[in-house]
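Printed here is model_18.pdb (PDB, C-alpha atoms):
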```pdb
MODEL        1
ATOM      1  CA  MET X 288      88.186  93.359  64.670
ATOM      2  CA  ARG X 289      84.993  92.215  66.388
ATOM      3  CA  LEU X 290      85.083  91.010  69.969
ATOM      4  CA  ILE X 291      82.485  88.886  71.716
ATOM      5  CA  CYS X 292      81.939  89.178  75.461
ATOM      6  CA  PRO X 293      82.125  85.634  76.893
ATOM      7  CA  GLY X 294      79.855  86.661  79.773
ATOM      8  CA  CYS X 295      76.912  88.196  77.940
ATOM      9  CA  GLY X 296      77.509  87.525  74.233
ATOM     10  CA  LEU X 297      77.649  91.212  73.243
ATOM     11  CA  THR X 298      79.481  91.693  69.961
ATOM     12  CA  ALA X 299      81.335  94.948  69.368
ATOM     13  CA  SER X 300      84.458  96.205  67.664
ATOM     14  CA  ALA X 301      87.689  96.517  69.618
ATOM     15  CA  GLU X 302      87.438 100.276  69.117
ATOM     16  CA  ALA X 303      84.066 100.313  70.902
ATOM     17  CA  TRP X 304      85.608  98.765  73.991
ATOM     18  CA  LEU X 305      88.503 101.208  73.904
ATOM     19  CA  ASN X 306      86.220 104.259  73.569
ATOM     20  CA  ASP X 307      85.040 103.763  77.154
ATOM     21  CA  ALA X 308      87.662 105.299  79.470
ATOM     22  CA  GLU X 309      87.124 102.795  82.290
ATOM     23  CA  ALA X 310      87.185  99.841  79.882
ATOM     24  CA  ARG X 311      90.401 101.172  78.330
ATOM     25  CA  GLU X 312      92.041 101.656  81.758
ATOM     26  CA  LEU X 313      90.978  98.161  82.803
ATOM     27  CA  LEU X 314      92.382  96.552  79.660
ATOM     28  CA  LEU X 315      95.644  98.482  80.015
ATOM     29  CA  ALA X 316      95.973  97.366  83.648
ATOM     30  CA  VAL X 317      95.340  93.742  82.661
ATOM     31  CA  ALA X 318      97.882  93.983  79.849
ATOM     32  CA  LYS X 319     100.542  95.258  82.278
ATOM     33  CA  LEU X 320     100.191  92.252  84.606
ATOM     34  CA  ALA X 321     103.036  89.754  84.562
ATOM     35  CA  ALA X 322     102.505  86.684  82.387
ATOM     36  CA  PRO X 323     100.514  84.421  82.650
ATOM     37  CA  LEU X 324      98.095  86.616  84.667
ATOM     38  CA  PRO X 325      96.472  88.556  81.796
ATOM     39  CA  GLU X 326      95.040  85.353  80.359
ATOM     40  CA  ALA X 327      93.683  84.238  83.742
ATOM     41  CA  VAL X 328      92.226  87.533  84.985
ATOM     42  CA  LEU X 329      89.273  88.039  82.649
ATOM     43  CA  PRO X 330      87.610  84.647  83.304
ATOM     44  CA  TYR X 331      88.317  85.163  87.032
ATOM     45  CA  LEU X 332      86.516  88.525  86.953
ATOM     46  CA  GLY X 333      83.392  86.665  85.827
ATOM     47  CA  LEU X 334      83.151  85.233  89.350
ATOM     48  CA  PHE X 335      82.351  88.758  90.570
ATOM     49  CA  ARG X 336      79.463  89.236  88.131
ATOM     50  CA  PRO X 337      76.036  89.222  89.753
ATOM     51  CA  GLU X 338      73.562  86.692  88.356
ATOM     52  CA  GLN X 339      71.556  88.084  85.436
ATOM     53  CA  LYS X 340      73.598  91.305  85.436
ATOM     54  CA  ALA X 341      76.781  92.612  83.892
ATOM     55  CA  LEU X 342      79.933  93.478  85.784
ATOM     56  CA  THR X 343      80.475  97.207  85.448
ATOM     57  CA  TRP X 344      83.745  98.486  84.028
ATOM     58  CA  LYS X 345      84.200 100.573  87.176
ATOM     59  CA  LYS X 346      83.971  97.537  89.464
ATOM     60  CA  ALA X 347      86.141  95.422  87.158
ATOM     61  CA  LYS X 348      88.766  98.188  87.133
ATOM     62  CA  ARG X 349      88.736  98.298  90.959
ATOM     63  CA  LEU X 350      89.073  94.505  91.151
ATOM     64  CA  VAL X 351      92.018  94.512  88.742
ATOM     65  CA  ALA X 352      93.704  97.321  90.713
ATOM     66  CA  GLU X 353      93.385  95.121  93.812
ATOM     67  CA  LEU X 354      94.827  92.176  91.869
ATOM     68  CA  VAL X 355      97.776  94.293  90.732
ATOM     69  CA  GLN X 356      98.657  94.970  94.373
ATOM     70  CA  LEU X 357      97.944  91.423  95.513
ATOM     71  CA  THR X 358      99.915  89.642  92.790
ATOM     72  CA  GLY X 359     102.691  92.221  92.614
ATOM     73  CA  ALA X 360     103.776  91.670  96.206
ATOM     74  CA  GLY X 361     105.712  88.518  95.283
ATOM     75  CA  HIS X 362     104.217  86.628  98.198
ATOM     76  CA  VAL X 363     100.857  85.572  99.586
ATOM     77  CA  GLN X 364      99.684  85.520 103.161
ATOM     78  CA  VAL X 365      96.485  84.426 104.818
ATOM     79  CA  GLN X 366      95.512  85.180 108.365
ATOM     80  CA  GLY X 367      97.350  83.111 110.944
ATOM     81  CA  LYS X 368      99.766  81.545 108.463
ATOM     82  CA  PRO X 369     103.260  82.552 107.346
ATOM     83  CA  ALA X 370     103.791  84.358 104.069
ATOM     84  CA  ARG X 371     104.869  82.213 101.138
ATOM     85  CA  PRO X 372     106.619  83.246  97.907
ATOM     86  CA  CYS X 373     103.973  83.393  95.197
ATOM     87  CA  PRO X 374     104.999  84.143  91.606
ATOM     88  CA  PRO X 375     102.447  85.160  88.956
ATOM     89  CA  LYS X 376     102.264  81.561  87.701
ATOM     90  CA  LEU X 377     100.770  80.407  91.021
ATOM     91  CA  TRP X 378      98.295  83.299  91.132
ATOM     92  CA  ALA X 379      97.151  82.399  87.611
ATOM     93  CA  GLU X 380      96.842  78.737  88.573
ATOM     94  CA  ALA X 381      94.731  79.695  91.596
ATOM     95  CA  MET X 382      92.451  81.816  89.377
ATOM     96  CA  GLY X 383      92.139  78.934  86.941
ATOM     97  CA  GLN X 384      91.152  76.541  89.708
ATOM     98  CA  MET X 385      88.483  78.950  90.872
ATOM     99  CA  VAL X 386      87.050  79.345  87.386
ATOM    100  CA  GLU X 387      86.941  75.555  87.036
ATOM    101  CA  ARG X 388      84.999  75.366  90.336
ATOM    102  CA  ARG X 389      82.691  78.295  89.526
ATOM    103  CA  ASP X 390      79.577  76.131  89.941
ATOM    104  CA  LYS X 391      80.571  75.476  93.570
ATOM    105  CA  ILE X 392      81.408  79.112  94.383
ATOM    106  CA  THR X 393      78.793  81.472  95.761
ATOM    107  CA  ARG X 394      78.617  84.363  93.358
ATOM    108  CA  PRO X 395      79.124  87.193  93.108
ATOM    109  CA  MET X 396      82.278  86.898  95.151
ATOM    110  CA  PRO X 397      82.707  89.797  97.590
ATOM    111  CA  ASN X 398      86.526  89.977  97.564
ATOM    112  CA  HIS X 399      89.757  88.126  96.730
ATOM    113  CA  ASN X 400      90.039  86.216 100.024
ATOM    114  CA  TYR X 401      89.214  82.834  98.474
ATOM    115  CA  LEU X 402      91.802  83.468  95.745
ATOM    116  CA  ARG X 403      94.334  84.328  98.443
ATOM    117  CA  GLN X 404      93.601  81.033 100.247
ATOM    118  CA  ILE X 405      94.000  78.921  97.118
ATOM    119  CA  ALA X 406      97.157  80.782  96.090
ATOM    120  CA  TRP X 407      98.568  80.278  99.597
ATOM    121  CA  GLN X 408      97.919  76.521  99.407
ATOM    122  CA  LEU X 409      99.672  76.324  96.039
ATOM    123  CA  ALA X 410     102.562  78.477  97.282
ATOM    124  CA  ASP X 411     102.878  76.391 100.436
ATOM    125  CA  GLN X 412     103.073  73.209  98.354
ATOM    126  CA  ALA X 413     105.698  74.778  96.070
ATOM    127  CA  ASP X 414     107.689  76.042  99.060
ATOM    128  CA  SER X 415     107.588  72.587 100.683
ATOM    129  CA  GLN X 416     108.763  70.948  97.463
ATOM    130  CA  ALA X 417     111.605  73.467  97.114
ATOM    131  CA  GLU X 418     112.673  72.751 100.702
ATOM    132  CA  ARG X 419     112.632  68.987 100.043
ATOM    133  CA  THR X 420     114.737  69.508  96.916
ATOM    134  CA  ARG X 421     117.264  71.661  98.816
ATOM    135  CA  THR X 422     117.481  69.061 101.588
ATOM    136  CA  GLU X 423     118.039  66.271  99.076
ATOM    137  CA  GLN X 424     120.754  68.320  97.346
ATOM    138  CA  ILE X 425     122.475  69.045 100.677
ATOM    139  CA  MET X 426     122.352  65.381 101.657
ATOM    140  CA  ALA X 427     123.791  64.407  98.270
ATOM    141  CA  GLY X 428     126.481  67.096  98.499
ATOM    142  CA  ASN X 429     125.188  68.868  95.374
ATOM    143  CA  TYR X 430     123.823  72.030  96.973
ATOM    144  CA  GLN X 431     125.319  75.342  95.942
ATOM    145  CA  ARG X 432     124.400  78.381  97.996
ATOM    146  CA  PRO X 433     122.776  81.044  95.814
ATOM    147  CA  SER X 434     125.036  84.033  95.290
ATOM    148  CA  VAL X 435     124.057  87.184  97.122
ATOM    149  CA  ALA X 436     124.456  90.491  95.329
ATOM    150  CA  SER X 437     127.025  92.775  96.911
ATOM    151  CA  SER X 438     124.564  95.652  96.607
ATOM    152  CA  ASN X 439     122.532  94.000  99.353
ATOM    153  CA  PRO X 440     123.408  95.829 102.609
ATOM    154  CA  LEU X 441     122.092  92.998 104.770
ATOM    155  CA  ALA X 442     124.325  90.518 102.942
ATOM    156  CA  GLU X 443     127.319  92.768 103.534
ATOM    157  CA  LEU X 444     126.494  92.984 107.247
ATOM    158  CA  MET X 445     126.200  89.219 107.439
ATOM    159  CA  GLY X 446     129.568  88.808 105.716
ATOM    160  CA  TYR X 447     128.338  87.059 102.559
ATOM    161  CA  ASP X 448     130.577  87.221  99.518
ATOM    162  CA  GLU X 449     129.548  86.912  95.916
TER     163      GLU X 449
ENDMDL
END
```

Let me see the file written as structure tokens.
Amino acid sequence: MRLICPGCGLTASAEAWLNDAEARELLLAVAKLAAPLPEAVLPYLGLFRPEQKALTWKKAKRLVAELVQLTGAGHVQVQGKPARPCPPKLWAEAMGQMVERRDKITRPMPNHNYLRQIAWQLADQADSQAERTRTEQIMAGNYQRPSVASSNPLAELMGYDE
């Protein structure tokens, strides 16, 4: 199987990519991300590539390790604003928006702060919509409180039943 690098056009076999330890570790880390993140991560990493140069495997591996922590938290927070739930789908959407706007982004990007801001905006919109939906359901008398697992000590303290 021959693979073509979308960034530089290099053609090599899949085995060639996997022979490099850092490349292999990077690809394994990307593969372990929750769907749909693996598809979004590689184009996003291109935003960190310096003009006229390649992104090193070492730097790409570090960036993906940071993304694993960032996207695995289940929420997103930006300075001065409350945390919002942020599933992998929203992180991937934020990455996609950035790739679409790559001509307007100063590259190479220094960190994931811009991604965090876009993800927060998307998560805030989703959270607002969920709140509107809950309010509409309550007003219509159709709201059912989500069940709380009995293994949750806080729920037991608060007196919630399943």

For range 366-384 of chain X, I'd like the enclosing box, axis-aligned and padded by 6 Å on every side, reported as AutoDock Vina command-line options with centre and edge lengths in Å to one decimal.
```
--center_x 98.9 --center_y 80.9 --center_z 98.9 --size_x 27.5 --size_y 20.6 --size_z 36.0
```

Review point. Written as a PyMOL selection string, what is the full residue list that the PyMOL selection byres ((chain X and resi 361) around 7) yields on the file shown?
Key: chain X and resi 358-360+362+372-374

Practice item. Could you list the residues chosen by the PyMOL selection byres ((chain X and resi 403) around 12) in this structure as a count of residues only? Key: 33

Starting from the displayed file, determine the output of the PyMOL selection byres ((chain X and resi 333-337) around 10) and express the residue list as a CSV table (one decimal) with C-alpha atoms, in the coordinates of the input.
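Just written: expr16.csv:
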```csv
chain,number,residue,atom,x,y,z
X,293,PRO,CA,82.1,85.6,76.9
X,294,GLY,CA,79.9,86.7,79.8
X,328,VAL,CA,92.2,87.5,85.0
X,329,LEU,CA,89.3,88.0,82.6
X,330,PRO,CA,87.6,84.6,83.3
X,331,TYR,CA,88.3,85.2,87.0
X,332,LEU,CA,86.5,88.5,87.0
X,338,GLU,CA,73.6,86.7,88.4
X,339,GLN,CA,71.6,88.1,85.4
X,340,LYS,CA,73.6,91.3,85.4
X,341,ALA,CA,76.8,92.6,83.9
X,342,LEU,CA,79.9,93.5,85.8
X,343,THR,CA,80.5,97.2,85.4
X,346,LYS,CA,84.0,97.5,89.5
X,347,ALA,CA,86.1,95.4,87.2
X,350,LEU,CA,89.1,94.5,91.2
X,382,MET,CA,92.5,81.8,89.4
X,385,MET,CA,88.5,79.0,90.9
X,386,VAL,CA,87.0,79.3,87.4
X,389,ARG,CA,82.7,78.3,89.5
X,390,ASP,CA,79.6,76.1,89.9
X,392,ILE,CA,81.4,79.1,94.4
X,393,THR,CA,78.8,81.5,95.8
X,394,ARG,CA,78.6,84.4,93.4
X,395,PRO,CA,79.1,87.2,93.1
X,396,MET,CA,82.3,86.9,95.2
X,397,PRO,CA,82.7,89.8,97.6
X,398,ASN,CA,86.5,90.0,97.6
X,399,HIS,CA,89.8,88.1,96.7
```

Review point. What is the distance, in Å and to one decimal place, between CA of Glu387 in chain X and CA of Val317 in chain X?
Key: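 Going from CA of Glu387 in chain X over to CA of Val317 in chain X covers 20.5 Å.
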
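You will find CA of Asp307 in chain X at 8.8 Å from CA of Trp344 in chain X.
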
Review point. Which residues come within 12 Å of Ala318 in chain X, counting all atoms listed in the file, excluding same-chain residues fewer than 4 positions away, as a list of chain:residue names?
Key: X:Arg311, X:Glu312, X:Leu313, X:Leu314, X:Ala322, X:Pro323, X:Leu324, X:Pro325, X:Glu326, X:Ala327, X:Val328, X:Leu329, X:Val351, X:Val355

Practice item. State, in Å with one decimal place, the distance from CA of Leu315 in chain X to CA of Ala303 in chain X. Key: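 That distance, rounded to one decimal, is 14.8 Å.
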